[in-house]
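Data from work_37.cif: mmCIF, C-alpha atoms
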data_run
loop_
_atom_site.label_atom_id
_atom_site.label_comp_id
_atom_site.auth_asym_id
_atom_site.auth_seq_id
_atom_site.Cartn_x
_atom_site.Cartn_y
_atom_site.Cartn_z
CA MET A 1 -80.50 92.00 -102.63
CA VAL A 2 -77.34 93.64 -101.34
CA SER A 3 -75.48 91.69 -98.68
CA VAL A 4 -72.65 92.84 -96.44
CA MET A 5 -69.39 90.98 -97.05
CA ASP A 6 -67.05 89.82 -94.35
CA PRO A 7 -64.21 92.30 -93.67
CA PRO A 8 -60.76 91.52 -95.08
CA GLY A 9 -58.31 89.65 -92.95
CA PRO A 10 -55.34 91.10 -91.06
CA TRP A 11 -53.22 91.45 -94.23
CA GLY A 12 -55.87 93.53 -95.98
CA GLN A 13 -56.44 95.65 -92.88
CA ALA A 14 -52.71 96.32 -92.49
CA SER A 15 -52.48 97.30 -96.15
CA SER A 16 -55.36 99.79 -95.86
CA CYS A 17 -53.86 101.22 -92.68
CA CYS A 18 -50.51 101.88 -94.39
CA PHE A 19 -52.24 103.55 -97.35
CA PHE A 20 -54.02 105.79 -94.84
CA LEU A 21 -50.79 106.62 -92.98
CA GLY A 22 -49.14 107.53 -96.28
CA GLY A 23 -51.74 110.26 -96.72
CA LEU A 24 -51.16 111.72 -93.25
CA PHE A 25 -47.54 112.75 -93.79
CA ALA A 26 -45.95 115.34 -96.07
CA ASP A 27 -42.40 114.00 -96.04
CA ILE A 28 -41.70 112.09 -99.27
CA LEU A 29 -39.56 109.48 -97.49
CA LEU A 30 -42.32 108.61 -95.03
CA ILE A 31 -44.88 108.48 -97.83
CA ARG A 32 -42.72 106.04 -99.81
CA ILE A 33 -42.09 103.87 -96.74
CA PHE A 34 -45.81 103.56 -95.98
CA LEU A 35 -46.61 102.81 -99.63
CA PHE A 36 -43.91 100.13 -99.67
CA LEU A 37 -45.38 98.56 -96.52
CA ALA A 38 -48.91 98.81 -97.94
CA TYR A 39 -47.97 96.90 -101.10
CA THR A 40 -46.01 94.37 -99.04
CA PHE A 41 -49.15 93.54 -97.06
CA LEU A 42 -51.22 93.61 -100.25
CA LEU A 43 -48.81 91.14 -101.88
CA THR A 44 -49.07 88.87 -98.84
CA ASN A 45 -52.85 89.14 -99.00
CA GLY A 46 -52.82 88.11 -102.67
CA LEU A 47 -50.53 85.16 -101.97
CA CYS A 48 -52.85 84.00 -99.21
CA GLY A 49 -55.94 84.28 -101.43
CA PHE A 50 -57.62 87.20 -99.60
CA PRO A 51 -58.61 85.50 -96.33
CA ASN A 52 -61.49 87.08 -94.41
CA TRP A 53 -61.31 88.30 -90.85
CA PRO A 54 -59.97 86.94 -88.55
CA ASP A 55 -58.14 84.34 -90.68
CA TYR A 56 -54.65 85.20 -91.89
CA GLN A 57 -53.53 81.87 -93.30
CA SER A 58 -53.66 80.80 -96.93
CA THR A 59 -57.00 79.85 -98.42
CA GLY A 60 -55.31 77.58 -100.95
CA ARG A 61 -55.80 80.15 -103.72
CA ILE A 62 -53.73 83.07 -105.08
CA GLU A 63 -54.71 86.26 -106.91
CA ILE A 64 -52.30 86.76 -109.84
CA SER A 65 -53.12 90.37 -110.80
CA THR A 66 -52.71 91.59 -107.21
CA ILE A 67 -49.34 89.83 -106.96
CA VAL A 68 -48.11 91.35 -110.25
CA TRP A 69 -49.20 94.92 -109.46
CA SER A 70 -47.86 94.67 -105.92
CA CYS A 71 -44.46 93.50 -107.14
CA MET A 72 -44.26 96.34 -109.66
CA ASN A 73 -45.11 98.90 -106.99
CA LEU A 74 -42.61 97.39 -104.56
CA ILE A 75 -39.85 97.85 -107.13
CA VAL A 76 -40.81 101.48 -107.78
CA HIS A 77 -41.24 102.52 -104.15
CA GLY A 78 -38.34 100.37 -102.94
CA SER A 79 -35.89 102.01 -105.34
CA ALA A 80 -37.17 105.45 -104.28
CA ILE A 81 -36.59 104.58 -100.60
CA VAL A 82 -33.04 103.47 -101.35
CA ARG A 83 -32.40 106.73 -103.21
CA LEU A 84 -33.88 108.89 -100.46
CA LEU A 85 -32.04 107.07 -97.68
CA SER A 86 -28.75 107.30 -99.55
CA ASP A 87 -29.27 111.08 -99.73
CA GLU A 88 -29.22 111.14 -95.91
CA ARG A 89 -26.01 109.15 -95.54
CA PRO A 90 -22.92 110.82 -94.03
CA ILE A 91 -20.85 112.50 -96.75
CA LYS A 92 -17.06 112.46 -96.45
CA PHE A 93 -14.77 114.99 -98.11
CA LYS A 94 -11.30 113.93 -99.16
CA THR A 95 -9.27 117.11 -98.68
CA GLU A 96 -9.20 119.97 -96.20
CA ASP A 97 -10.13 122.39 -98.99
CA GLU A 98 -13.30 120.39 -99.72
CA LYS A 99 -14.20 120.32 -96.02
CA GLN A 100 -13.79 124.08 -95.83
CA MET A 101 -15.97 124.52 -98.92
CA ARG A 102 -18.65 122.51 -97.14
CA SER A 103 -18.40 124.89 -94.16
CA PHE A 104 -18.46 127.96 -96.42
CA PHE A 105 -21.49 127.01 -98.49
CA GLY A 106 -23.30 125.66 -95.44
CA ARG A 107 -22.93 128.99 -93.69
CA ARG A 108 -23.58 131.32 -96.60
CA GLY A 109 -26.22 129.28 -98.44
CA GLY A 110 -27.50 126.65 -96.01
CA MET A 111 -26.20 123.79 -98.20
CA GLY A 112 -25.94 120.28 -96.82
CA SER A 113 -23.01 117.99 -97.50
CA LEU A 114 -24.75 116.19 -100.38
CA GLU A 115 -25.47 119.45 -102.23
CA VAL A 116 -21.94 120.76 -101.65
CA LYS A 117 -20.59 117.51 -103.11
CA GLN A 118 -22.62 118.10 -106.29
CA VAL A 119 -21.44 121.70 -106.49
CA LEU A 120 -17.79 120.62 -106.17
CA LYS A 121 -18.17 118.01 -108.92
CA LYS A 122 -19.10 120.73 -111.42
CA GLY A 123 -15.98 122.84 -110.85
CA LYS A 124 -12.31 122.62 -109.92
CA PHE A 125 -9.73 124.08 -107.56
CA ARG A 126 -6.89 126.12 -109.01
CA LYS A 127 -3.82 127.75 -107.51
CA VAL A 128 -2.68 131.09 -108.90
CA LYS A 129 0.66 132.72 -108.10
CA ALA A 130 1.00 136.41 -107.28
CA GLY A 131 1.07 138.55 -110.40
CA GLU A 132 -0.74 135.99 -112.57
CA LYS A 133 -4.19 136.54 -114.03
CA ILE A 134 -6.98 134.63 -112.34
CA VAL A 135 -9.24 135.39 -115.30
CA ASP A 136 -8.49 137.36 -118.44
CA ARG A 137 -11.03 139.42 -120.36
CA GLN A 138 -12.21 136.42 -122.37
CA GLN A 139 -12.52 134.01 -119.42
CA ALA A 140 -14.38 136.62 -117.39
CA THR A 141 -17.41 136.27 -119.67
CA ASP A 142 -17.90 132.52 -119.13
CA THR A 143 -16.12 131.57 -115.87
CA PHE A 144 -17.44 132.11 -112.36
CA VAL A 145 -14.69 132.21 -109.73
CA LEU A 146 -14.82 131.98 -105.93
CA LEU A 147 -11.72 133.35 -104.22
CA ILE A 148 -10.89 130.99 -101.35
CA GLU A 149 -7.53 132.32 -100.22
CA GLY A 150 -5.41 135.31 -101.13
CA LYS A 151 -6.27 138.73 -102.49
CA ALA A 152 -6.64 140.13 -105.98
CA HIS A 153 -7.64 143.23 -107.86
CA CYS A 154 -9.94 143.76 -110.81
CA ILE A 155 -9.25 146.11 -113.71
CA ARG A 156 -12.48 146.94 -115.49
CA ASN A 157 -13.04 148.89 -118.69
CA GLU A 158 -16.50 150.37 -118.41
CA LYS A 159 -18.64 150.85 -121.53
CA ASP A 160 -18.14 154.60 -121.36
CA GLY A 161 -14.37 154.12 -121.47
CA VAL A 162 -13.76 154.77 -117.77
CA LEU A 163 -11.13 152.53 -116.14
CA SER A 164 -12.04 151.30 -112.63
CA THR A 165 -10.44 148.96 -110.11
CA ALA A 166 -11.72 146.92 -107.18
CA ASN A 167 -10.14 144.58 -104.64
CA PHE A 168 -11.22 141.01 -103.94
CA TYR A 169 -10.66 139.00 -100.77
CA SER A 170 -11.47 135.53 -99.50
CA GLY A 171 -15.12 134.54 -99.95
CA MET A 172 -15.77 137.05 -102.73
CA ALA A 173 -16.78 135.90 -106.21
CA PHE A 174 -16.71 137.22 -109.77
CA ASP A 175 -18.37 137.80 -112.14
CA ILE A 176 -21.66 137.74 -110.25
CA GLY A 177 -23.50 138.71 -113.43
CA LEU A 178 -23.16 135.06 -114.50
CA LEU A 179 -25.38 134.05 -111.57
CA ASN A 180 -28.42 135.21 -113.54
CA VAL A 181 -28.51 131.63 -114.87
CA PHE A 182 -30.11 130.58 -111.58
CA GLY A 183 -33.36 132.15 -112.65
CA VAL A 184 -33.52 135.24 -110.42
CA TYR A 185 -32.56 138.44 -112.17
CA ILE A 186 -29.77 140.18 -110.23
CA GLY A 187 -28.39 142.42 -112.98
CA PHE A 188 -24.65 143.18 -113.36
CA GLU A 189 -24.76 142.21 -117.04
CA ASN A 190 -22.70 143.77 -119.83
CA LYS A 191 -20.77 146.13 -117.57
CA GLY A 192 -17.73 146.22 -119.83
CA SER A 193 -14.71 143.92 -119.95
CA PHE A 194 -12.45 143.17 -117.00
CA GLU A 195 -9.61 140.98 -115.78
CA VAL A 196 -8.60 139.89 -112.29
CA VAL A 197 -4.95 139.71 -111.23
CA ALA A 198 -3.67 137.98 -108.08
CA ASP A 199 -1.90 140.29 -105.59
CA ALA A 200 -0.76 137.28 -103.54
CA ASP A 201 -0.70 133.53 -104.00
CA CYS A 202 -4.35 132.54 -104.36
CA VAL A 203 -6.52 129.45 -104.19
CA VAL A 204 -9.72 129.69 -106.21
CA PHE A 205 -12.60 127.46 -107.23
CA GLU A 206 -14.11 128.00 -110.67
CA TRP A 207 -17.15 126.91 -112.65
CA SER A 208 -17.85 127.39 -116.34
CA ILE A 209 -21.12 129.02 -117.39
CA TYR A 210 -22.31 125.58 -118.55
CA ALA A 211 -21.50 124.06 -115.16
CA LEU A 212 -23.56 126.80 -113.50
CA ASN A 213 -26.41 125.99 -115.85
CA ASP A 214 -26.16 122.30 -114.88
CA LEU A 215 -26.34 123.26 -111.20
CA ALA A 216 -29.39 125.41 -111.92
CA CYS A 217 -31.28 122.88 -114.07
CA ASN A 218 -29.90 119.33 -113.96
CA CYS A 219 -29.06 118.67 -110.32
CA GLY A 220 -31.44 118.13 -107.41
CA PRO A 221 -33.88 121.01 -106.86
CA ALA A 222 -32.32 121.73 -103.47
CA VAL A 223 -28.99 122.61 -105.13
CA SER A 224 -30.37 125.56 -107.10
CA ASN A 225 -32.46 126.73 -104.13
CA TYR A 226 -29.44 126.70 -101.82
CA PHE A 227 -27.34 128.42 -104.46
CA ARG A 228 -29.89 131.25 -104.66
CA ASN A 229 -29.41 131.71 -100.91
CA PHE A 230 -25.69 131.99 -101.56
CA ILE A 231 -26.34 134.49 -104.35
CA LEU A 232 -28.44 136.63 -101.99
CA PHE A 233 -25.63 136.75 -99.42
CA THR A 234 -22.98 137.39 -102.09
CA VAL A 235 -24.82 140.30 -103.70
CA THR A 236 -25.78 142.01 -100.44
CA ALA A 237 -22.34 141.51 -98.86
CA GLU A 238 -20.69 142.86 -102.01
CA TRP A 239 -22.95 145.89 -102.05
CA GLU A 240 -22.38 146.67 -98.36
CA PHE A 241 -18.62 146.26 -98.65
CA ARG A 242 -18.27 148.30 -101.86
CA THR A 243 -20.63 151.15 -101.02
CA LEU A 244 -20.58 151.50 -97.21
CA SER A 245 -17.14 150.34 -96.04
CA GLU A 246 -15.21 153.59 -96.57
CA PRO A 247 -17.63 156.36 -95.51
CA GLN A 248 -19.03 154.44 -92.53
CA ASN A 249 -16.01 152.22 -91.81
CA ILE A 250 -18.08 149.04 -92.17
CA PRO A 251 -15.78 146.00 -92.44
CA ALA A 252 -16.28 142.86 -94.49
CA ARG A 253 -18.63 140.57 -92.63
CA THR A 254 -18.99 136.84 -92.10
CA SER A 255 -22.20 134.85 -92.50
CA HIS A 256 -22.97 135.61 -88.83
CA GLY A 257 -22.74 139.35 -89.45
CA THR A 258 -19.51 139.68 -87.45
CA PRO A 259 -16.45 141.48 -88.88
CA GLU A 260 -13.70 139.49 -90.55
CA PRO A 261 -10.34 139.55 -88.68
CA LEU A 262 -7.67 142.03 -89.77
CA ASP A 263 -5.51 139.38 -91.48
CA PHE A 264 -8.45 138.84 -93.85
CA PHE A 265 -7.24 141.89 -95.82
CA GLU A 266 -3.77 140.36 -96.04
CA GLY A 267 -5.08 137.35 -97.97
CA LYS A 268 -6.07 134.94 -95.19
CA ARG A 269 -9.16 132.79 -95.58
CA SER A 270 -12.53 134.02 -94.44
CA VAL A 271 -13.75 132.83 -91.06
CA ASP A 272 -16.60 131.07 -92.88
CA PHE A 273 -13.99 128.71 -94.36
CA VAL A 274 -11.76 128.01 -91.37
CA ARG A 275 -13.97 128.18 -88.27
CA PRO A 276 -14.70 124.62 -87.06
CA LEU A 277 -18.28 123.45 -87.43
CA GLU A 278 -20.36 123.99 -84.34
CA ASP A 279 -22.68 121.34 -82.91
CA TRP A 280 -25.79 122.89 -84.42
CA GLU A 281 -24.13 122.86 -87.86
CA ILE A 282 -23.57 119.09 -87.79
CA ARG A 283 -26.49 116.80 -88.57
CA ARG A 284 -26.68 113.88 -86.15
CA LEU A 285 -29.35 111.19 -85.90
CA THR A 286 -30.86 111.13 -82.41
CA PHE A 287 -34.08 109.72 -80.98
CA LYS A 288 -35.25 113.24 -80.18
CA GLY A 289 -34.49 114.38 -83.71
CA PHE A 290 -36.19 111.31 -85.16
CA PHE A 291 -39.46 111.87 -83.32
CA LYS A 292 -39.28 115.59 -84.06
CA TRP A 293 -38.99 114.73 -87.76
CA ILE A 294 -42.02 112.41 -87.55
CA TRP A 295 -44.11 115.02 -85.76
CA SER A 296 -43.13 117.88 -88.09
CA SER A 297 -43.94 115.70 -91.13
CA LEU A 298 -47.50 115.07 -89.94
CA GLU A 299 -49.65 117.11 -92.33
CA PRO A 300 -52.93 115.44 -93.32
CA PHE A 301 -54.32 118.65 -94.82
CA MET A 302 -52.00 120.46 -97.21
CA PRO A 303 -51.50 124.24 -96.92
CA PRO A 304 -52.32 126.45 -99.92
CA GLY A 305 -49.75 126.69 -102.70
CA THR A 306 -47.95 123.41 -102.03
CA ARG A 307 -47.25 122.76 -105.72
CA HIS A 308 -46.48 126.34 -106.71
CA ASN A 309 -43.02 127.32 -107.97
CA ALA A 310 -41.28 130.33 -106.41
CA LEU A 311 -39.07 130.99 -109.45
CA PRO A 312 -40.02 134.27 -111.20
CA THR A 313 -40.54 134.27 -114.95
CA SER A 314 -38.48 137.45 -115.25
CA GLY A 315 -35.52 135.56 -113.83
CA VAL A 316 -36.03 132.74 -116.30
CA SER A 317 -35.81 135.29 -119.10
CA ALA A 318 -32.55 136.61 -117.64
CA LYS A 319 -31.14 133.11 -117.52
CA THR A 320 -32.15 132.42 -121.11
CA ARG A 321 -30.55 135.65 -122.28
CA ILE A 322 -27.26 134.92 -120.49
CA MET A 323 -27.03 131.42 -122.01
CA SER A 324 -27.96 132.72 -125.48
CA VAL A 325 -25.22 135.35 -125.37
CA GLU A 326 -22.69 132.74 -124.28
CA ARG A 327 -23.67 130.36 -127.09
CA VAL A 328 -23.30 133.15 -129.66
CA ARG A 329 -19.93 134.15 -128.21
CA SER A 330 -18.69 130.55 -128.26
CA SER A 331 -19.84 130.14 -131.85
CA VAL A 332 -17.96 133.30 -132.88
CA LEU A 333 -14.81 132.12 -131.12
CA LYS A 334 -14.97 128.74 -132.85
CA THR A 335 -15.41 130.43 -136.21
CA GLU A 336 -12.46 132.75 -135.58
CA THR A 337 -10.31 129.82 -134.49
CA ALA A 338 -11.22 127.83 -137.59
CA LEU A 339 -10.49 130.79 -139.89
CA SER A 340 -7.19 131.41 -138.15
CA LYS A 341 -6.22 127.77 -138.56
CA GLU A 342 -7.25 127.80 -142.22
CA GLY A 343 -5.23 130.98 -142.81
CA SER A 344 -2.12 129.46 -141.25
CA GLU A 345 -2.46 126.34 -143.37
CA THR A 346 -2.78 128.37 -146.60
CA GLY A 347 0.09 130.68 -145.72
CA LEU A 348 -2.13 133.78 -145.38
CA GLY A 349 -1.02 136.31 -142.81
CA GLU A 350 -3.26 137.62 -140.06
CA PHE A 351 -4.09 140.81 -141.97
CA GLU A 352 -4.16 139.36 -145.49
CA CYS A 353 -7.52 138.99 -147.22
#
Since I need it in another form, could you write the structure as structure tokens?
Amino acid sequence: MVSVMDPPGPWGQASSCCFFLGGLFADILLIRIFLFLAYTFLLTNGLCGFPNWPDYQSTGRIEISTIVWSCMNLIVHGSAIVRLLSDERPIKFKTEDEKQMRSFFGRRGGMGSLEVKQVLKKGKFRKVKAGEKIVDRQQATDTFVLLIEGKAHCIRNEKDGVLSTANFYSGMAFDIGLLNVFGVYIGFENKGSFEVVADADCVVFEWSIYALNDLACNCGPAVSNYFRNFILFTVTAEWEFRTLSEPQNIPARTSHGTPEPLDFFEGKRSVDFVRPLEDWEIRRLTFKGFFKWIWSSLEPFMPPGTRHNALPTSGVSAKTRIMSVERVRSSVLKTETALSKEGSETGLGEFEC
């Protein structure tokens, strides 16, 4: 005959309640916190020997398997909480250039300080004097450059032999064809060779094609998503400036859609770099913000498509093609370098066979 058991004690009830609360929220940090609390109460319940309601004191027995599994889960969820909380810590930037990069990427791509820090780790600042090449024809195929300060011009040899030029100013980047590695096909591939020469003293930030691939694949998922926002702004702003500026007198624009100041064309930094952060651009922990976060995270019933990926397969193909071309090019360069070295060691001239 089936009999009804006494309900678990307070520790068991608290554990079940935390498991339930973990299912009500969509935010991964809240889920981990509730799971950590649930296994804490479950561990306490096992140590007390599963007392029945309303007792909460030890029964003089312990349940070993519950203790072991609870400890293992506490380690897993506890380490996740530490990681997630550390992601929300205030990020400090050492130099003024790094602070301005945070402002720039935050405005043009929505990046937070943590993501900007990861982006900066993959590249480097470089100063270029007027008249020097920022990238030559070889570097242009595997180096992505963001012009921070100064102005430059590009000399491009098109595939049909036509020579074309274009000017670059603060906030503009080249070669945007390399940004196909982020998995959204934007084109601008194989448009001929080019080089970029500084018209004034410049400050640039550069990434190799492999660093871009790391940002797209091996960093946090938010980094590549934010970078795609930046790509969208870069491509559209470039198109508007190149195609509409002269006939309709449309100036270069900031992330707010306002025109850049006149000294922008003299080599000064874009407003998106130098304008101080406004209050709404700075994340601050407040009680109002905390409760707003709790309320917005409440989602007991998931919307459709929660696990779906927004990355198009066509873009993945573009990324794979770009990386394959670069690997072949690098292999050819290594072979040519090795042959050149071997020829010099054997006394053969460059044109001797």
So how many Å separate atom CA of A:Leu37 and atom CA of A:Gln13, to one decimal?
-> 12.0 Å
Residues within 12 Å of A:Pro261, please, as a PDB file with C-alpha atoms, keeping the file's coordinate frame. Count only C-alpha atoms; anything in the same chain fewer than 4 positions from it doesn't count.
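Written file, around08.pdb:
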ATOM      1  CA  SER A 170     -11.470 135.530 -99.500  1.00  0.00           C
ATOM      2  CA  PRO A 251     -15.780 146.000 -92.440  1.00  0.00           C
ATOM      3  CA  ALA A 252     -16.280 142.860 -94.490  1.00  0.00           C
ATOM      4  CA  ARG A 253     -18.630 140.570 -92.630  1.00  0.00           C
ATOM      5  CA  THR A 254     -18.990 136.840 -92.100  1.00  0.00           C
ATOM      6  CA  PHE A 265      -7.240 141.890 -95.820  1.00  0.00           C
ATOM      7  CA  GLU A 266      -3.770 140.360 -96.040  1.00  0.00           C
ATOM      8  CA  GLY A 267      -5.080 137.350 -97.970  1.00  0.00           C
ATOM      9  CA  LYS A 268      -6.070 134.940 -95.190  1.00  0.00           C
ATOM     10  CA  ARG A 269      -9.160 132.790 -95.580  1.00  0.00           C
ATOM     11  CA  SER A 270     -12.530 134.020 -94.440  1.00  0.00           C
ATOM     12  CA  VAL A 271     -13.750 132.830 -91.060  1.00  0.00           C
ATOM     13  CA  ASP A 272     -16.600 131.070 -92.880  1.00  0.00           C
ATOM     14  CA  VAL A 274     -11.760 128.010 -91.370  1.00  0.00           C
ATOM     15  CA  ARG A 275     -13.970 128.180 -88.270  1.00  0.00           C
TER      16      ARG A 275
END
At what distance in Å, to one decimal, does atom CA of A:Leu84 lie from atom CA of A:Leu298?
->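 Result for atom CA of A:Leu298 versus atom CA of A:Leu84: 18.3 Å, one decimal.
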Atom-to-atom span, atom CA of A:Asp55 and atom CA of A:Pro10, Å | 7.3 Å
Could you pull the residues within 12 Å of stretch 93-100 of chain A, counting all atoms listed in the file, minus those fewer than 6 positions along the same chain, as a VMD selection string?
-> chain A and resid 106 to 107 112 to 114 116 to 121 123 to 127 148 to 149 171 203 to 205 269 to 277
If the PyMOL selection byres ((chain A and resi 227-238) around 9) is run on the structure shown, which residues does it catch, given as a PyMOL selection string?
-> chain A and resi 105+107-111+171-173+176+179+182-184+186+215-216+222-226+239-243+252-255
Go ahead and write the selection's residues with C-alpha atoms as an mmCIF file, keeping the file's coordinate frame.
data_model
loop_
_atom_site.group_PDB
_atom_site.id
_atom_site.type_symbol
_atom_site.label_atom_id
_atom_site.label_comp_id
_atom_site.auth_asym_id
_atom_site.auth_seq_id
_atom_site.Cartn_x
_atom_site.Cartn_y
_atom_site.Cartn_z
ATOM 1 C CA PHE A 105 -21.490 127.010 -98.490
ATOM 2 C CA ARG A 107 -22.930 128.990 -93.690
ATOM 3 C CA ARG A 108 -23.580 131.320 -96.600
ATOM 4 C CA GLY A 109 -26.220 129.280 -98.440
ATOM 5 C CA GLY A 110 -27.500 126.650 -96.010
ATOM 6 C CA MET A 111 -26.200 123.790 -98.200
ATOM 7 C CA GLY A 171 -15.120 134.540 -99.950
ATOM 8 C CA MET A 172 -15.770 137.050 -102.730
ATOM 9 C CA ALA A 173 -16.780 135.900 -106.210
ATOM 10 C CA ILE A 176 -21.660 137.740 -110.250
ATOM 11 C CA LEU A 179 -25.380 134.050 -111.570
ATOM 12 C CA PHE A 182 -30.110 130.580 -111.580
ATOM 13 C CA GLY A 183 -33.360 132.150 -112.650
ATOM 14 C CA VAL A 184 -33.520 135.240 -110.420
ATOM 15 C CA ILE A 186 -29.770 140.180 -110.230
ATOM 16 C CA LEU A 215 -26.340 123.260 -111.200
ATOM 17 C CA ALA A 216 -29.390 125.410 -111.920
ATOM 18 C CA ALA A 222 -32.320 121.730 -103.470
ATOM 19 C CA VAL A 223 -28.990 122.610 -105.130
ATOM 20 C CA SER A 224 -30.370 125.560 -107.100
ATOM 21 C CA ASN A 225 -32.460 126.730 -104.130
ATOM 22 C CA TYR A 226 -29.440 126.700 -101.820
ATOM 23 C CA TRP A 239 -22.950 145.890 -102.050
ATOM 24 C CA GLU A 240 -22.380 146.670 -98.360
ATOM 25 C CA PHE A 241 -18.620 146.260 -98.650
ATOM 26 C CA ARG A 242 -18.270 148.300 -101.860
ATOM 27 C CA THR A 243 -20.630 151.150 -101.020
ATOM 28 C CA ALA A 252 -16.280 142.860 -94.490
ATOM 29 C CA ARG A 253 -18.630 140.570 -92.630
ATOM 30 C CA THR A 254 -18.990 136.840 -92.100
ATOM 31 C CA SER A 255 -22.200 134.850 -92.500
#
Looking at A:Ile209, A:Val4, A:Ala198, A:Met101, which one is nearest to A:Asp142, with distances taken over all atoms listed in the file?
-> A:Ile209
Could you write out as a PDB file with C-alpha atoms, in the coordinates of the input the residues that the PyMOL selection byres ((chain A and resi 130-138) around 8) matches in the shown file?
ATOM      1  CA  VAL A 128      -2.680 131.090-108.900  1.00  0.00           C
ATOM      2  CA  LYS A 129       0.660 132.720-108.100  1.00  0.00           C
ATOM      3  CA  GLN A 139     -12.520 134.010-119.420  1.00  0.00           C
ATOM      4  CA  ALA A 140     -14.380 136.620-117.390  1.00  0.00           C
ATOM      5  CA  THR A 141     -17.410 136.270-119.670  1.00  0.00           C
ATOM      6  CA  ASP A 142     -17.900 132.520-119.130  1.00  0.00           C
ATOM      7  CA  THR A 143     -16.120 131.570-115.870  1.00  0.00           C
ATOM      8  CA  SER A 193     -14.710 143.920-119.950  1.00  0.00           C
ATOM      9  CA  PHE A 194     -12.450 143.170-117.000  1.00  0.00           C
ATOM     10  CA  GLU A 195      -9.610 140.980-115.780  1.00  0.00           C
ATOM     11  CA  VAL A 196      -8.600 139.890-112.290  1.00  0.00           C
ATOM     12  CA  VAL A 197      -4.950 139.710-111.230  1.00  0.00           C
ATOM     13  CA  ALA A 198      -3.670 137.980-108.080  1.00  0.00           C
ATOM     14  CA  ASP A 199      -1.900 140.290-105.590  1.00  0.00           C
ATOM     15  CA  ALA A 200      -0.760 137.280-103.540  1.00  0.00           C
ATOM     16  CA  ASP A 201      -0.700 133.530-104.000  1.00  0.00           C
ATOM     17  CA  CYS A 202      -4.350 132.540-104.360  1.00  0.00           C
TER      18      CYS A 202
END
Exactly which residues make up the result of the PyMOL selection byres ((chain A and resi 41-54) around 8) on this file, given as a ChimeraX atom specification?
-> /A:6-12,14-15,37-40,55-64,66-67,70-71
Nearest to A:Gly22, chosen from A:Arg102, A:Arg156, A:Ser297, A:Tyr210, with only C-alpha atoms counted in the distances =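 Under the stated criterion, the closest residue is A:Ser297.
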